[in-house]
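*Asks:* My questions will all concern the structure given below.
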Amino acid sequence: MPRQKVVNGVYYDLTAEEEAALEAQAEAADLDMNNVRAQRNGMLASSDWTRLDDATLGDHTKEEWATYRQELRDLLQTHSRVSDVVWPEDPPAAKITRKTVAGDAAFDAAIASDPDDSVAAQAAYDTAYASTS
């Protein structure tokens, strides 16, 4: 189905030239990494505190934060298109992801073995979530 435009409330099919212009705009936008750079810089700035000598990192080590920050710095060298960018997770978010994935796997395994025992499945989820670091 061809793309359309609306002019004074009337729908018209785009001409081949208009289609080509839209494709060129989309291609240019996908190659423009300025917004990615700006977001990356903001994410680096918001994690600058982890590099301070007196920073209390809690469950997350300096190495985890250093790895995250290096992945952010490498982003523009490893990706050339906005549509290809995969943002790294900061250590607290990565920990939640690991815990949730482990809990979901335990829940699914428990349900697979006994579909009627949702209480045991929830307990399996809770145990896996709590034991994952």
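Order determines the names: the first chain of the structure tokens is A, the second B, and so forth; residues in each chain are numbered 1 upward, and ligands are numbered 1 upward as they are shown.
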Can you write out as CSV which residues of stretch 82-115 of chain A fall within 12 Å of stretch 39-51 of chain A, alongside each residue's closest atom pair and its distance in Å to one decimal, counting only C-alpha atoms and ordering rows by chain and ascending residue number?
*Replies:*
residue,atom,partner,partner_atom,distance
A:Val82,CA,A:Gln39,CA,11.7
A:Val85,CA,A:Arg40,CA,10.9
A:Val86,CA,A:Arg40,CA,11.4
A:Trp87,CA,A:Arg40,CA,8.8
A:Pro88,CA,A:Arg40,CA,10.2
A:Glu89,CA,A:Met43,CA,10.5
A:Asp90,CA,A:Ser47,CA,8.8
A:Pro91,CA,A:Ser47,CA,10.5
A:Pro92,CA,A:Ser47,CA,11.7
*Asks:* Within 10 Å of stretch 97-108 of chain A, counting only C-alpha atoms, which residues show up once you throw out same-chain ones fewer than 6 positions away? Write them as a PyMOL selection string, please.
*Replies:* chain A and resi 89+91+114-115+118-133
*Asks:* Let's see if you can do this: from backbone DSSP, list all alpha helix (DSSP H) residues in chain A, as a count of residues only.
*Replies:* 83
*Asks:* Can you work out the spacing between atom CA of A:Ala24 and atom CA of A:Ala38 in Å, to one decimal?
*Replies:*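 Spanning atom CA of A:Ala24 to atom CA of A:Ala38 is a straight-line distance of 23.1 Å.
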*Asks:* From a backbone DSSP assignment, name each residue in chain A labelled strand (DSSP E), as an MDAnalysis selection string.
*Replies:* chainID A and resid 4:7 10:13
*Asks:* Keeping only N, CA and C atoms, write the selected residues to a file as a PDB file, in the first residue's frame.
*Replies:*
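Okay, this is what ended up in result.pdb:
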ATOM      1  N   GLN A   4       0.659   7.851   1.983  1.00  0.00           N
ATOM      2  CA  GLN A   4      -0.195   8.958   1.562  1.00  0.00           C
ATOM      3  C   GLN A   4       0.121  10.216   2.354  1.00  0.00           C
ATOM      4  N   LYS A   5      -0.344  11.310   1.815  1.00  0.00           N
ATOM      5  CA  LYS A   5      -0.274  12.593   2.496  1.00  0.00           C
ATOM      6  C   LYS A   5      -1.683  13.171   2.501  1.00  0.00           C
ATOM      7  N   VAL A   6      -1.935  14.092   3.406  1.00  0.00           N
ATOM      8  CA  VAL A   6      -3.232  14.744   3.495  1.00  0.00           C
ATOM      9  C   VAL A   6      -3.046  16.215   3.156  1.00  0.00           C
ATOM     10  N   VAL A   7      -3.799  16.676   2.176  1.00  0.00           N
ATOM     11  CA  VAL A   7      -3.759  18.081   1.772  1.00  0.00           C
ATOM     12  C   VAL A   7      -5.190  18.602   1.822  1.00  0.00           C
ATOM     13  N   VAL A  10      -7.836  15.977   2.104  1.00  0.00           N
ATOM     14  CA  VAL A  10      -7.935  14.994   1.032  1.00  0.00           C
ATOM     15  C   VAL A  10      -6.657  14.161   1.020  1.00  0.00           C
ATOM     16  N   TYR A  11      -6.809  12.837   0.929  1.00  0.00           N
ATOM     17  CA  TYR A  11      -5.669  11.927   0.900  1.00  0.00           C
ATOM     18  C   TYR A  11      -5.154  11.767  -0.533  1.00  0.00           C
ATOM     19  N   TYR A  12      -3.837  11.872  -0.677  1.00  0.00           N
ATOM     20  CA  TYR A  12      -3.183  11.676  -1.973  1.00  0.00           C
ATOM     21  C   TYR A  12      -2.037  10.695  -1.792  1.00  0.00           C
ATOM     22  N   ASP A  13      -1.833   9.819  -2.778  1.00  0.00           N
ATOM     23  CA  ASP A  13      -0.663   8.941  -2.761  1.00  0.00           C
ATOM     24  C   ASP A  13       0.581   9.783  -2.985  1.00  0.00           C
TER      25      ASP A  13
END
*Asks:* Nearest to A:Trp65: which of A:Leu31, A:His79, A:Glu19, A:Ala94 is it, counting only C-alpha atoms?
*Replies:*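 Comparing A:Leu31, A:His79, A:Glu19, A:Ala94 against A:Trp65, the winner is A:Ala94.
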*Asks:* Which residue gives the smallest distance to A:Ala20 among A:Lys62, A:Arg81, A:Lys95, A:Arg3, with only C-alpha atoms counted?
*Replies:*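 Ranked by minimum distance to A:Ala20, first place goes to A:Arg3.
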*Asks:* What does the structure give for the distance between atom CA of A:Met33 and atom CA of A:Leu76, in Å to one decimal?
*Replies:*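 Between these atoms lies a distance of 7.7 Å.
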*Asks:* Between A:Ala21, A:Leu14, A:Asp32, A:Arg37, which is the closest to A:Leu75 once you count only C-alpha atoms?
*Replies:*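 For A:Leu75, the nearest of the given residues is A:Arg37.
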